[in-house]
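Participant: I'm passing along entry_36.txt; it holds compact mmCIF, C-alpha atoms.
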```txt
# COMPACT_ATOMS: atom_id res chain seq x y z
CA MET A 191 19.51 10.79 -10.43
CA LYS A 192 18.49 8.98 -7.25
CA LYS A 193 21.32 10.38 -5.21
CA ASP A 194 20.44 13.98 -5.92
CA TYR A 195 16.74 13.62 -5.32
CA GLN A 196 16.45 11.11 -2.51
CA ASP A 197 16.18 13.75 0.23
CA LEU A 198 13.58 15.68 -1.73
CA ILE A 199 11.65 12.52 -2.52
CA GLU A 200 11.47 11.68 1.15
CA LYS A 201 10.41 15.15 2.14
CA TYR A 202 7.74 15.02 -0.53
CA LEU A 203 6.46 11.64 0.63
CA GLU A 204 6.37 12.85 4.23
CA GLY A 205 4.42 15.92 3.13
CA ASP A 206 7.22 18.18 4.35
CA LEU A 207 7.76 20.10 1.14
CA GLU A 208 6.07 23.45 1.11
CA GLY A 209 5.72 26.66 -0.84
CA ILE A 210 8.22 27.32 -3.57
CA GLU A 211 10.15 24.15 -2.80
CA LEU A 212 7.02 22.08 -3.42
CA LYS A 213 6.16 23.99 -6.59
CA ASN A 214 9.65 23.47 -7.98
CA PHE A 215 9.57 19.82 -7.15
CA GLU A 216 6.19 19.30 -8.74
CA LYS A 217 7.45 20.98 -11.86
CA LYS A 218 10.41 18.60 -11.93
CA LEU A 219 8.01 15.70 -11.47
CA GLU A 220 6.12 16.67 -14.59
CA ASN A 221 9.26 16.96 -16.63
CA ILE A 222 11.27 13.98 -15.44
CA PRO A 223 9.36 10.74 -15.94
CA GLU A 224 12.05 8.74 -14.11
CA LEU A 225 11.53 10.86 -11.05
CA LYS A 226 7.83 10.26 -11.19
CA ARG A 227 8.42 6.55 -11.46
CA GLU A 228 10.80 6.67 -8.54
CA ILE A 229 8.20 8.43 -6.38
CA THR A 230 5.53 5.92 -7.31
CA LEU A 231 7.91 3.09 -6.47
CA GLN A 232 8.89 4.47 -3.10
CA LYS A 233 5.32 5.31 -2.19
CA GLU A 234 4.13 1.86 -3.15
CA ILE A 235 6.92 0.15 -1.20
CA ARG A 236 5.79 1.97 1.92
CA GLU A 237 2.19 1.04 1.33
CA ALA A 238 3.05 -2.58 0.65
CA LEU A 239 5.09 -2.92 3.81
CA LEU A 240 2.60 -1.18 6.07
CA GLU A 241 -0.47 -3.19 5.08
CA LYS A 242 -0.62 -5.11 8.34
CA ASP A 243 -4.23 -6.16 7.89
CA VAL A 244 -3.56 -7.59 4.43
CA ASP A 245 -0.63 -9.57 5.82
CA GLU A 246 -2.90 -10.90 8.49
CA PHE A 247 -5.56 -11.87 5.99
CA ARG A 248 -2.96 -13.58 3.79
CA THR A 249 -1.66 -15.59 6.74
CA LYS A 250 -5.19 -16.60 7.53
CA LEU A 251 -5.79 -17.79 3.97
CA GLN A 252 -2.53 -19.71 4.07
CA THR A 253 -3.24 -21.51 7.32
CA PHE A 254 -6.65 -22.29 5.98
CA LYS A 255 -5.17 -23.81 2.88
CA LYS A 256 -3.01 -26.08 4.99
CA VAL A 257 -5.80 -27.15 7.28
CA GLY A 258 -8.66 -27.25 4.90
CA GLY A 259 -7.79 -28.57 1.56
CA ILE A 260 -5.64 -30.15 -0.96
CA GLU A 261 -3.94 -33.38 -0.22
CA LYS A 262 -0.53 -32.49 -1.51
CA GLN A 263 2.88 -32.65 0.13
CA LYS A 264 1.96 -36.00 1.56
CA SER A 265 4.71 -36.78 4.04
CA ASN A 266 7.50 -35.70 1.81
CA PRO A 267 10.34 -35.94 4.35
CA SER A 268 12.14 -32.75 3.40
CA THR A 269 9.05 -30.57 3.43
CA LEU A 270 8.06 -32.19 6.67
CA THR A 271 11.31 -31.17 8.33
CA ILE A 272 10.98 -27.69 6.99
CA SER A 273 7.44 -27.31 8.17
CA LEU A 274 8.42 -28.65 11.59
CA LEU A 275 11.25 -26.16 11.70
CA TYR A 276 8.82 -23.43 10.84
CA LYS A 277 6.53 -24.51 13.60
CA VAL A 278 9.33 -24.54 16.14
CA ALA A 279 10.55 -21.16 14.95
CA ALA A 280 7.04 -19.80 15.07
CA SER A 281 6.46 -20.99 18.61
CA VAL A 282 9.77 -19.57 19.78
CA LEU A 283 8.84 -16.29 18.15
CA LEU A 284 5.43 -16.38 19.74
CA ILE A 285 6.88 -16.97 23.21
CA LEU A 286 9.42 -14.21 22.72
CA SER A 287 6.87 -11.75 21.48
CA SER A 288 4.40 -12.49 24.26
CA ALA A 289 7.23 -12.05 26.75
CA LEU A 290 7.92 -8.70 25.14
CA VAL A 291 4.26 -7.70 25.38
CA VAL A 292 4.14 -8.65 29.06
CA PHE A 293 7.32 -6.72 29.64
CA LEU A 294 5.97 -3.68 27.88
CA ILE A 295 2.70 -3.80 29.77
CA PHE A 296 4.33 -4.06 33.17
CA PHE A 297 7.20 -1.73 32.78
CA ASN A 298 5.86 0.82 30.47
CA LYS A 299 2.55 2.42 31.16
CA PRO A 300 2.11 4.71 28.17
CA SER A 301 0.35 8.05 28.31
CA ASN A 302 -2.73 8.73 26.20
CA HIS A 303 -0.60 10.80 23.92
CA GLU A 304 1.83 7.94 23.40
CA LEU A 305 -1.01 5.50 22.89
CA PHE A 306 -2.49 7.68 20.23
CA ASN A 307 0.82 7.94 18.44
CA GLU A 308 1.36 4.24 18.68
CA TYR A 309 -1.98 3.30 17.20
CA PHE A 310 -2.75 6.09 14.81
CA ILE A 311 -1.76 5.54 11.20
CA PRO A 312 -3.63 7.45 8.52
CA TYR A 313 -5.84 5.03 6.63
CA ASP A 314 -4.46 3.90 3.27
CA ASN A 315 -5.79 5.61 0.25
CA LEU A 316 -7.73 2.84 -1.37
CA VAL A 317 -9.89 4.97 -3.55
CA VAL A 318 -7.85 6.51 -6.31
CA SER A 319 -8.10 4.63 -9.52
CA ARG A 320 -6.60 5.82 -12.70
CA GLY A 321 -9.34 4.37 -14.82
CA SER A 322 -12.10 6.42 -13.31
CA SER A 323 -10.32 9.74 -13.05
CA SER A 324 -12.64 11.38 -15.51
CA GLU A 325 -15.74 10.31 -13.60
CA ASN A 326 -14.55 11.65 -10.33
CA PRO A 327 -12.09 14.48 -10.67
CA GLN A 328 -12.88 16.14 -7.33
CA LEU A 329 -12.57 13.02 -5.27
CA ASN A 330 -9.37 12.03 -7.04
CA LYS A 331 -7.85 15.42 -6.47
CA ALA A 332 -8.70 15.28 -2.79
CA MET A 333 -7.36 11.76 -2.48
CA SER A 334 -4.07 12.61 -4.08
CA LEU A 335 -3.61 15.51 -1.66
CA TYR A 336 -4.48 13.12 1.14
CA ASP A 337 -1.95 10.69 -0.23
CA ILE A 338 0.97 13.06 0.12
CA GLY A 339 -0.10 14.22 3.56
CA LYS A 340 -1.51 17.61 2.53
CA TYR A 341 -4.39 17.18 4.91
CA ARG A 342 -5.58 20.78 5.11
CA LYS A 343 -5.79 21.12 1.34
CA ALA A 344 -7.33 17.66 1.10
CA ILE A 345 -10.10 18.67 3.50
CA GLU A 346 -10.97 21.67 1.33
CA ALA A 347 -11.01 19.45 -1.75
CA PHE A 348 -13.19 16.83 -0.07
CA LYS A 349 -15.77 19.51 0.62
CA ASN A 350 -16.26 19.83 -3.14
CA THR A 351 -16.81 16.19 -3.93
CA LYS A 352 -20.04 14.84 -5.31
CA GLN A 353 -22.92 13.88 -3.08
CA GLU A 354 -22.69 10.20 -4.04
CA ASN A 355 -19.18 10.02 -2.59
CA SER A 356 -20.15 11.70 0.63
CA VAL A 357 -19.53 8.76 2.95
CA VAL A 358 -16.10 8.06 1.53
CA ALA A 359 -15.28 11.77 1.58
CA SER A 360 -16.46 12.14 5.18
CA PHE A 361 -14.35 9.21 6.21
CA TYR A 362 -11.14 10.50 4.69
CA MET A 363 -11.93 14.01 5.93
CA GLY A 364 -12.19 12.55 9.41
CA VAL A 365 -8.76 10.96 9.12
CA SER A 366 -7.38 14.21 7.69
CA TYR A 367 -8.78 16.29 10.56
CA LEU A 368 -7.36 13.81 13.02
CA SER A 369 -3.96 13.95 11.33
CA ILE A 370 -3.77 17.70 11.82
CA GLY A 371 -5.01 17.41 15.40
CA ASP A 372 -8.52 18.81 14.91
CA THR A 373 -10.30 16.22 17.03
CA GLU A 374 -13.70 17.94 17.16
CA ASN A 375 -14.21 18.01 13.42
CA SER A 376 -12.77 14.54 12.97
CA ILE A 377 -15.21 13.11 15.54
CA ASN A 378 -18.11 14.76 13.72
CA LYS A 379 -17.04 13.28 10.41
CA PHE A 380 -16.57 9.80 11.83
CA SER A 381 -19.99 9.99 13.45
CA GLU A 382 -21.49 10.71 10.04
CA VAL A 383 -19.80 7.64 8.61
CA ILE A 384 -20.86 5.46 11.54
CA GLU A 385 -24.46 6.47 10.97
CA SER A 386 -24.27 5.83 7.23
CA ASP A 387 -25.27 2.58 5.57
CA ASN A 388 -21.68 1.76 4.59
CA GLU A 389 -21.14 -0.90 7.23
CA ILE A 390 -17.54 -1.57 6.41
CA LEU A 391 -16.33 2.01 6.52
CA ALA A 392 -18.52 2.56 9.58
CA GLU A 393 -16.53 -0.01 11.44
CA VAL A 394 -13.20 1.53 10.47
CA ALA A 395 -14.60 4.93 11.41
CA MET A 396 -15.41 3.60 14.89
CA TRP A 397 -11.79 2.67 15.34
CA TYR A 398 -10.63 6.12 14.33
CA LYS A 399 -13.27 7.82 16.42
CA ALA A 400 -11.96 5.94 19.45
CA LEU A 401 -8.45 7.16 18.65
CA ALA A 402 -9.76 10.72 18.31
CA MET A 403 -11.37 10.39 21.75
CA ILE A 404 -8.05 9.29 23.20
CA LYS A 405 -6.36 12.24 21.62
CA LYS A 406 -9.04 14.42 23.19
CA GLU A 407 -8.23 12.78 26.52
CA ASP A 408 -11.80 11.48 26.76
CA VAL A 409 -10.76 7.97 27.68
CA GLU A 410 -14.18 6.85 28.86
CA ALA A 411 -15.78 7.64 25.51
CA ALA A 412 -12.93 5.86 23.75
CA LYS A 413 -13.38 2.77 25.89
CA LYS A 414 -17.08 2.68 25.13
CA ILE A 415 -16.46 2.64 21.40
CA LEU A 416 -13.65 0.12 21.68
CA LYS A 417 -15.84 -2.21 23.70
CA GLN A 418 -18.44 -2.05 20.98
CA LEU A 419 -15.74 -2.94 18.46
CA THR A 420 -14.66 -5.96 20.46
CA THR A 421 -18.09 -7.40 21.05
CA SER A 422 -19.98 -7.16 17.81
CA GLU A 423 -19.33 -9.24 14.76
CA ASN A 424 -16.50 -7.17 13.42
CA SER A 425 -13.43 -7.47 11.30
CA ARG A 426 -10.89 -9.42 13.28
CA PHE A 427 -8.29 -6.83 12.45
CA TYR A 428 -10.10 -4.06 14.29
CA ARG A 429 -11.42 -6.36 16.96
CA ASP A 430 -7.89 -7.42 17.93
CA ARG A 431 -6.57 -3.92 17.83
CA ALA A 432 -9.49 -2.66 19.90
CA GLU A 433 -8.84 -5.39 22.46
CA SER A 434 -5.18 -4.59 22.76
CA LEU A 435 -5.82 -0.87 22.98
CA LEU A 436 -8.46 -1.45 25.65
CA ASN A 437 -5.98 -3.47 27.67
CA GLU A 438 -3.50 -0.66 27.51
CA LEU A 439 -6.10 1.87 28.61
CA ASN A 440 -7.18 -0.18 31.62
CA MET B 44 -23.48 -21.48 -2.29
CA LYS B 45 -25.34 -21.25 0.91
CA TYR B 46 -24.46 -17.58 1.42
CA THR B 47 -25.62 -14.47 -0.39
CA ASP B 48 -23.11 -12.28 -2.21
CA GLU B 49 -23.36 -9.66 0.54
CA GLU B 50 -22.56 -12.28 3.15
CA LEU B 51 -19.55 -13.44 1.16
CA VAL B 52 -18.25 -9.90 0.73
CA SER B 53 -18.63 -9.04 4.37
CA GLY B 54 -17.20 -12.45 5.34
CA ILE B 55 -14.01 -11.75 3.40
CA PHE B 56 -13.68 -8.36 5.03
CA LYS B 57 -14.19 -9.80 8.48
CA GLY B 58 -12.01 -12.81 7.80
CA SER B 59 -14.81 -15.14 8.80
CA PRO B 60 -13.49 -18.73 8.83
CA GLU B 61 -16.83 -20.23 7.74
CA ILE B 62 -17.04 -17.96 4.72
CA ILE B 63 -13.42 -18.51 3.76
CA LYS B 64 -13.97 -22.24 3.96
CA THR B 65 -17.13 -22.08 1.88
CA ILE B 66 -15.43 -19.99 -0.78
CA TYR B 67 -12.54 -22.40 -0.84
CA ASP B 68 -14.66 -25.53 -1.02
CA ASP B 69 -17.05 -24.22 -3.64
CA LEU B 70 -14.83 -22.19 -5.90
CA PHE B 71 -11.29 -23.47 -5.69
CA PRO B 72 -11.85 -26.65 -7.76
CA VAL B 73 -12.90 -24.60 -10.77
CA ILE B 74 -9.84 -22.33 -10.54
CA ASN B 75 -7.66 -25.34 -9.98
CA SER B 76 -8.81 -26.97 -13.17
CA PHE B 77 -8.51 -23.72 -15.11
CA VAL B 78 -4.91 -23.18 -14.01
CA MET B 79 -3.96 -26.82 -14.44
CA SER B 80 -5.31 -26.89 -17.95
CA ASN B 81 -3.37 -23.71 -18.73
CA SER B 82 0.20 -24.80 -17.99
CA GLY B 83 0.02 -24.33 -14.21
CA SER B 84 0.34 -26.51 -11.14
CA SER B 85 -2.01 -26.92 -8.24
CA GLN B 86 0.36 -24.77 -6.21
CA ASP B 87 0.03 -22.01 -8.82
CA ALA B 88 -3.73 -22.33 -8.57
CA GLU B 89 -3.63 -21.97 -4.81
CA ASP B 90 -1.46 -18.88 -5.02
CA VAL B 91 -3.71 -17.29 -7.58
CA PHE B 92 -6.81 -18.11 -5.58
CA GLN B 93 -5.30 -16.62 -2.46
CA GLU B 94 -4.09 -13.44 -4.11
CA ALA B 95 -7.42 -12.92 -5.84
CA GLN B 96 -9.10 -12.88 -2.44
CA ILE B 97 -6.57 -10.37 -1.20
CA ILE B 98 -7.27 -8.14 -4.18
CA LEU B 99 -10.95 -8.43 -3.35
CA TYR B 100 -10.28 -7.67 0.30
CA ARG B 101 -8.54 -4.41 -0.61
CA LYS B 102 -11.41 -3.42 -2.84
CA ILE B 103 -13.97 -4.18 -0.16
CA LYS B 104 -11.97 -2.29 2.43
CA SER B 105 -11.82 0.80 0.26
CA GLY B 106 -15.50 0.62 -0.53
CA SER B 107 -14.64 0.45 -4.23
CA LEU B 108 -16.03 -3.01 -4.92
CA VAL B 109 -18.92 -2.81 -7.34
CA LEU B 110 -20.36 -6.15 -8.29
CA ASN B 111 -21.90 -6.03 -11.72
CA CYS B 112 -22.12 -9.80 -11.72
CA THR B 113 -22.22 -12.48 -9.07
CA PHE B 114 -19.47 -12.75 -6.50
CA LYS B 115 -18.46 -16.07 -7.98
CA THR B 116 -18.13 -14.73 -11.52
CA PHE B 117 -16.14 -11.78 -10.28
CA LEU B 118 -13.71 -13.90 -8.28
CA PHE B 119 -13.23 -16.20 -11.27
CA ALA B 120 -12.54 -13.27 -13.53
CA VAL B 121 -9.90 -11.92 -11.16
CA CYS B 122 -8.29 -15.35 -10.81
CA LYS B 123 -8.19 -15.90 -14.54
CA LYS B 124 -6.82 -12.49 -15.30
CA LEU B 125 -4.17 -12.92 -12.63
CA TRP B 126 -3.12 -16.32 -13.89
CA LEU B 127 -2.91 -15.16 -17.48
CA LEU B 128 -0.82 -12.21 -16.38
CA ARG B 129 1.57 -14.50 -14.52
CA LEU B 130 1.68 -16.97 -17.34
CA LYS B 131 2.50 -14.25 -19.76
CA LYS B 132 5.42 -13.10 -17.59
CA LYS B 133 6.61 -16.63 -17.04
CA ALA B 134 6.31 -18.07 -20.47
CA ARG B 135 6.46 -14.83 -22.38
CA ILE B 136 3.35 -15.73 -24.27
CA PRO B 137 1.88 -12.70 -25.96
CA MET B 138 -1.32 -11.65 -24.27
CA ASP B 139 -3.39 -11.57 -27.44
CA TYR B 140 -3.00 -15.33 -27.57
CA PHE B 141 -5.52 -15.39 -24.76
CA GLU B 142 -7.60 -12.51 -25.98
CA GLN B 143 -10.73 -14.56 -26.47
CA GLU B 144 -10.37 -15.99 -22.98
CA LEU B 145 -9.92 -12.69 -21.22
CA PRO B 146 -12.60 -11.94 -18.73
CA ASP B 147 -14.26 -8.59 -18.88
CA LEU B 148 -12.88 -6.53 -16.01
CA ASP B 149 -12.91 -2.80 -15.45
CA ASN B 150 -9.63 -0.90 -15.53
CA GLU B 151 -9.67 -0.22 -11.84
CA THR B 152 -9.74 -3.93 -11.06
CA VAL B 153 -7.05 -4.72 -13.62
CA GLU B 154 -4.91 -2.04 -12.03
CA SER B 155 -5.45 -3.53 -8.57
CA ILE B 156 -4.40 -6.94 -9.88
CA GLU B 157 -1.18 -5.47 -11.26
CA LYS B 158 -0.63 -3.45 -8.12
CA ASN B 159 -0.88 -6.58 -6.02
CA GLU B 160 1.80 -8.21 -8.18
CA ARG B 161 4.07 -5.25 -7.61
CA TYR B 162 3.44 -5.31 -3.86
CA LEU B 163 4.35 -9.00 -3.71
CA LEU B 164 7.56 -8.23 -5.55
CA TYR B 165 8.46 -5.41 -3.15
CA LYS B 166 7.83 -7.69 -0.20
CA LYS B 167 9.94 -10.44 -1.70
CA HIS B 168 12.92 -8.11 -2.03
CA PHE B 169 12.31 -6.56 1.36
CA ASN B 170 12.34 -9.99 2.99
CA ARG B 171 15.74 -10.69 1.51
CA LEU B 172 17.30 -7.77 3.37
CA PRO B 173 19.25 -8.39 6.57
CA GLU B 174 17.06 -8.39 9.68
CA SER B 175 18.52 -5.14 10.99
CA CYS B 176 17.73 -3.38 7.71
CA LYS B 177 14.16 -4.65 7.75
CA LYS B 178 13.62 -3.45 11.26
CA LEU B 179 15.14 -0.05 10.59
CA LEU B 180 13.20 0.56 7.40
CA LEU B 181 9.91 -0.45 8.99
CA LEU B 182 10.50 1.95 11.86
CA PHE B 183 11.25 4.65 9.34
CA PHE B 184 8.24 3.95 7.11
CA GLU B 185 6.00 3.88 10.16
CA GLY B 186 6.92 7.50 10.66
CA ASN B 187 9.33 7.29 13.58
CA LYS B 188 11.82 10.10 13.94
CA MET B 189 15.46 9.34 13.20
CA LYS B 190 16.37 10.24 16.76
CA ASP B 191 13.96 7.62 18.13
CA ILE B 192 15.03 5.06 15.56
CA ALA B 193 18.63 5.44 16.69
CA ILE B 194 17.54 4.72 20.28
CA LYS B 195 15.34 1.78 19.36
CA MET B 196 18.04 0.23 17.19
CA GLY B 197 20.75 0.88 19.76
CA PHE B 198 22.80 3.05 17.40
CA ALA B 199 25.34 5.50 18.74
CA SER B 200 23.96 8.52 16.92
CA GLU B 201 21.17 9.88 14.82
CA GLY B 202 23.69 10.45 12.06
CA TYR B 203 24.63 6.82 11.98
CA ALA B 204 20.97 5.79 11.90
CA ARG B 205 20.47 8.06 8.94
CA LYS B 206 23.44 6.56 7.19
CA ARG B 207 22.27 3.00 7.80
CA LYS B 208 18.79 3.85 6.62
CA HIS B 209 20.15 5.34 3.45
CA HIS B 210 22.23 2.22 2.84
CA CYS B 211 19.35 -0.20 3.49
CA GLN B 212 16.95 1.76 1.37
CA LYS B 213 19.40 1.94 -1.47
CA ASN B 214 19.88 -1.82 -1.36
CA LEU B 215 16.15 -2.38 -1.43
CA LEU B 216 15.56 0.04 -4.29
CA ASN B 217 18.42 -1.38 -6.31
CA SER B 218 17.38 -4.96 -5.90
CA ILE B 219 13.83 -4.11 -6.97
CA ALA B 220 14.97 -2.01 -9.90
CA ASN B 221 17.25 -4.79 -11.10
CA ASP B 222 14.49 -7.37 -11.06
CA PRO B 223 13.37 -7.85 -14.67
CA LEU B 224 9.88 -8.59 -13.40
CA TYR B 225 9.67 -5.14 -11.85
CA ASN B 226 10.51 -3.51 -15.12
CA GLU B 227 7.84 -5.52 -16.82
CA LEU B 228 5.24 -4.72 -14.20
CA ALA B 229 6.08 -1.06 -14.00
CA GLY B 230 6.47 -0.97 -17.77
CA SER B 231 3.06 -2.40 -18.43
CA GLU B 232 1.53 0.13 -16.08
CA ILE B 233 3.22 3.02 -17.79
CA ALA B 234 2.30 1.71 -21.22
CA ARG B 235 -1.32 1.36 -20.19
CA LYS B 236 -1.33 4.82 -18.72
CA ILE B 237 -0.01 6.30 -21.91
CA SER B 238 -2.58 4.47 -23.98
CA GLU B 239 -5.33 5.62 -21.63
CA GLU B 240 -4.18 9.19 -21.77
CA SER B 241 -4.06 9.19 -25.52
CA ILE B 242 -7.73 8.23 -25.67
CA PRO B 243 -9.54 11.54 -25.35
```
Kindly transcribe the structure held in the file into structure tokens.
Facilitator:
Amino acid sequence: MKKDYQDLIEKYLEGDLEGIELKNFEKKLENIPELKREITLQKEIREALLEKDVDEFRTKLQTFKKVGGIEKQKSNPSTLTISLLYKVAASVLLILSSALVVFLIFFNKPSNHELFNEYFIPYDNLVVSRGSSSENPQLNKAMSLYDIGKYRKAIEAFKNTKQENSVVASFYMGVSYLSIGDTENSINKFSEVIESDNEILAEVAMWYKALAMIKKEDVEAAKKILKQLTTSENSRFYRDRAESLLNELN
Amino acid sequence: MKYTDEELVSGIFKGSPEIIKTIYDDLFPVINSFVMSNSGSSQDAEDVFQEAQIILYRKIKSGSLVLNCTFKTFLFAVCKKLWLLRLKKKARIPMDYFEQELPDLDNETVESIEKNERYLLYKKHFNRLPESCKKLLLLFFEGNKMKDIAIKMGFASEGYARKRKHHCQKNLLNSIANDPLYNELAGSEIARKISEESIP
């Protein structure tokens, strides 16, 4: 089965299937449970491998564990060698990667367009939950369109979601607008989120708003937002990214 | 706890070292003793504690965390559920053996616990691939065009890049599909979905 469908599965995941091709494929999806399972698997693999912030958080928890707690592995010689090896490998890697960064900075001044493409990844769909589908059919419908990259249709669906989900909907609408290149509308949506009382999404929205500004070639506005992201008490993930993006803009 | 629940939640999201340390110092001992008294090691307890915080992080990030109890109770419930799930897979103990112990968690949270287990499994298999495959697949998943991937990887042609990608992806998919744990994890999800759908 896999061999026949792999190309279609990829097109579907990239959001490249349209019209009758999409309809036919969706029909197949309903009728062939294996295919559905395959799609879920491939989609989840992508998500799992692209969760850079989760990886970073996990590493942080791990280092903390080693520093902070638990008096185990007390000078067991073999684990000691291994951990030393790790440290050496890690430092070599660090040196190599900083050398690469320096190289890239000096020899490769990217355009705004390239910067945008480098930094922009549509935000993961973290909303859809199977359990609550009956409570929230509109939001779930919009999110699943968002999921497969059908941003225009997703935007329409987000417009119909309930008032209580408005911040979440605005946020994902903003990312959808940005994905299809409509910077004006995306900036408006992100501004709504930034002004809302959802502090966490507000911060993520600031990051995306800065990217939208870059896409709009309004670098000064982007820098202003990025500076705000680097100074206040923000998530390290966005703080670091804002810092590195700022460096590239300067 | 010297912090409020809101401070703990936002501390996890921000990766604040003070908050992480406080959570560790105050809550880990309880999880440790729970896991150790249920056929686990201290290492198991650490893993569970870590993954529970990652599950929480994802929920916070998506704005879907709703605390109906204290932060502490919620984190415990996630840890317990996760450990029982792992224990069940490891020792093949039927889940109803623990029924009375099972913490009360909403479906969405249970699903995110299972999803995290699947993600760990995917990463494990991905990490076993040859370096060149890992690099190529990441470039592809990040949305790079085949033409650019060929250049970045130093391949002679786009066609060859496509061929390599196909090969690497097939290896990854096969090794995941052949992992009995995957079938259990995916199986349990499907079974739960069916049972949910049959409830009107």
Participant: Can you tell me which residues surround range 97-109 of chain B at a distance of at most 7 Å, considering only C-alpha atoms, apart from same-chain residues fewer than 2 positions away, and format the answer as a short mmCIF file (atom, residue, chain, number, x, y, z; two decimals) with C-alpha atoms, in the frame of the given file?
Facilitator:
```cif
data_model
loop_
_atom_site.label_atom_id
_atom_site.label_comp_id
_atom_site.auth_asym_id
_atom_site.auth_seq_id
_atom_site.Cartn_x
_atom_site.Cartn_y
_atom_site.Cartn_z
CA VAL A 244 -3.56 -7.59 4.43
CA ARG A 248 -2.96 -13.58 3.79
CA LEU A 316 -7.73 2.84 -1.37
CA VAL A 317 -9.89 4.97 -3.55
CA ILE A 390 -17.54 -1.57 6.41
CA ILE B 55 -14.01 -11.75 3.40
CA PHE B 56 -13.68 -8.36 5.03
CA GLN B 93 -5.30 -16.62 -2.46
CA GLU B 94 -4.09 -13.44 -4.11
CA ALA B 95 -7.42 -12.92 -5.84
CA ASN B 111 -21.90 -6.03 -11.72
CA SER B 155 -5.45 -3.53 -8.57
CA ILE B 156 -4.40 -6.94 -9.88
CA ASN B 159 -0.88 -6.58 -6.02
#
```
Participant: For chain A, which residue among B:Met196, B:Val52, B:Leu128, B:Ala204 is the nearest when counting all atoms listed in the file?
Facilitator: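 Of B:Met196, B:Val52, B:Leu128, B:Ala204, the one nearest chain A is B:Val52, counting all atoms listed in the file.
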Participant: Compute the set of chain B residues within 6 Å of chain A, using all atoms listed in the file, and express it as a compact mmCIF listing (two decimals) with C-alpha atoms, in the frame of the given file.
Facilitator:
```
# COMPACT_ATOMS: atom_id res chain seq x y z
CA LYS B 57 -14.19 -9.80 8.48
CA SER B 105 -11.82 0.80 0.26
CA ASN B 150 -9.63 -0.90 -15.53
CA GLU B 151 -9.67 -0.22 -11.84
CA TYR B 162 3.44 -5.31 -3.86
```
Participant: Quick one, how far is CA of Ser76 in chain B from CA of Leu130 in chain B?
Facilitator: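 Spanning CA of Ser76 in chain B to CA of Leu130 in chain B is a straight-line distance of 15.1 Å.
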Participant: Ranking B:Leu228, B:Leu51, B:Gly58, B:Arg205 by minimum distance to Met189 in chain B and counting all atoms listed in the file, which one comes first?
Facilitator: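 Once distances to Met189 in chain B are computed over all atoms listed in the file, the minimum belongs to B:Arg205.
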Participant: Using only C-alpha atoms, determine which residues lie at most 10 Å from Ser376 in chain A, disregarding the query and same-chain residues fewer than 6 positions distant; provide the list as a count of residues only.
Facilitator: 17
Participant: Considering all atoms listed in the file, return as a ChimeraX atom specification whatever protein or nucleic-acid residues lie within 12 Å of Pro72 in chain B, sequence-local ones (same chain, fewer than 2 positions apart) excluded.
Facilitator: /A:259-260 /B:65-70,74-79,85,88-89,92,119
Participant: For Gly205 in chain A, please output as a list in words all residues within 7 Å (counting only C-alpha atoms; exclusion window: fewer than 5 positions along the same chain).
Facilitator: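 Returned residues: Ile338, Gly339 and Lys340 of chain A.
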Participant: What is the CA of Ile415 in chain A to CA of Asn375 in chain A distance in Å?
Facilitator: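 The value is 17.5 Å.
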Participant: Point out the residue among B:Cys211, B:Leu148, B:Leu125, B:Ile219 with the least atom-to-atom distance to Glu160 in chain B, counting all atoms listed in the file.
Facilitator: B:Leu125
Participant: Separation of CA of Asp430 in chain A and CA of Leu416 in chain A, in Å?
Facilitator: 10.2 Å
Participant: Could you list as number ranges by chain every residue that has an atom within 9 Å of (-3.6, 5.6, 22.1), using the file's coordinates and counting only C-alpha atoms?
Facilitator: A: 300-310, 400-402, 404-405, 435, 438-439
Participant: With C-alpha atoms retained, could you export that selection as an mmCIF file, in the frame of the given file?
Facilitator:
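Below is the file that was written, selection_15.cif:
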```cif
data_model
loop_
_atom_site.group_PDB
_atom_site.id
_atom_site.type_symbol
_atom_site.label_atom_id
_atom_site.label_comp_id
_atom_site.auth_asym_id
_atom_site.auth_seq_id
_atom_site.Cartn_x
_atom_site.Cartn_y
_atom_site.Cartn_z
ATOM 1 C CA PRO A 300 2.110 4.710 28.170
ATOM 2 C CA SER A 301 0.350 8.050 28.310
ATOM 3 C CA ASN A 302 -2.730 8.730 26.200
ATOM 4 C CA HIS A 303 -0.600 10.800 23.920
ATOM 5 C CA GLU A 304 1.830 7.940 23.400
ATOM 6 C CA LEU A 305 -1.010 5.500 22.890
ATOM 7 C CA PHE A 306 -2.490 7.680 20.230
ATOM 8 C CA ASN A 307 0.820 7.940 18.440
ATOM 9 C CA GLU A 308 1.360 4.240 18.680
ATOM 10 C CA TYR A 309 -1.980 3.300 17.200
ATOM 11 C CA PHE A 310 -2.750 6.090 14.810
ATOM 12 C CA ALA A 400 -11.960 5.940 19.450
ATOM 13 C CA LEU A 401 -8.450 7.160 18.650
ATOM 14 C CA ALA A 402 -9.760 10.720 18.310
ATOM 15 C CA ILE A 404 -8.050 9.290 23.200
ATOM 16 C CA LYS A 405 -6.360 12.240 21.620
ATOM 17 C CA LEU A 435 -5.820 -0.870 22.980
ATOM 18 C CA GLU A 438 -3.500 -0.660 27.510
ATOM 19 C CA LEU A 439 -6.100 1.870 28.610
#
```
Participant: Excluding Leu179 in chain B and residues on its chain fewer than 2 positions from it, collect all residues at most 8 Å away from it, counting only C-alpha atoms, and give them as a VMD selection string.
Facilitator: chain B and resid 175 to 177 181 to 183 192 196 208
Participant: Here is a test: counting only C-alpha atoms, which residue of A:Leu198, A:Trp397, A:Gly371, A:Asp408 is nearest to Glu433 in chain A?
Facilitator: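 Smallest distance to Glu433 in chain A is found for A:Trp397.
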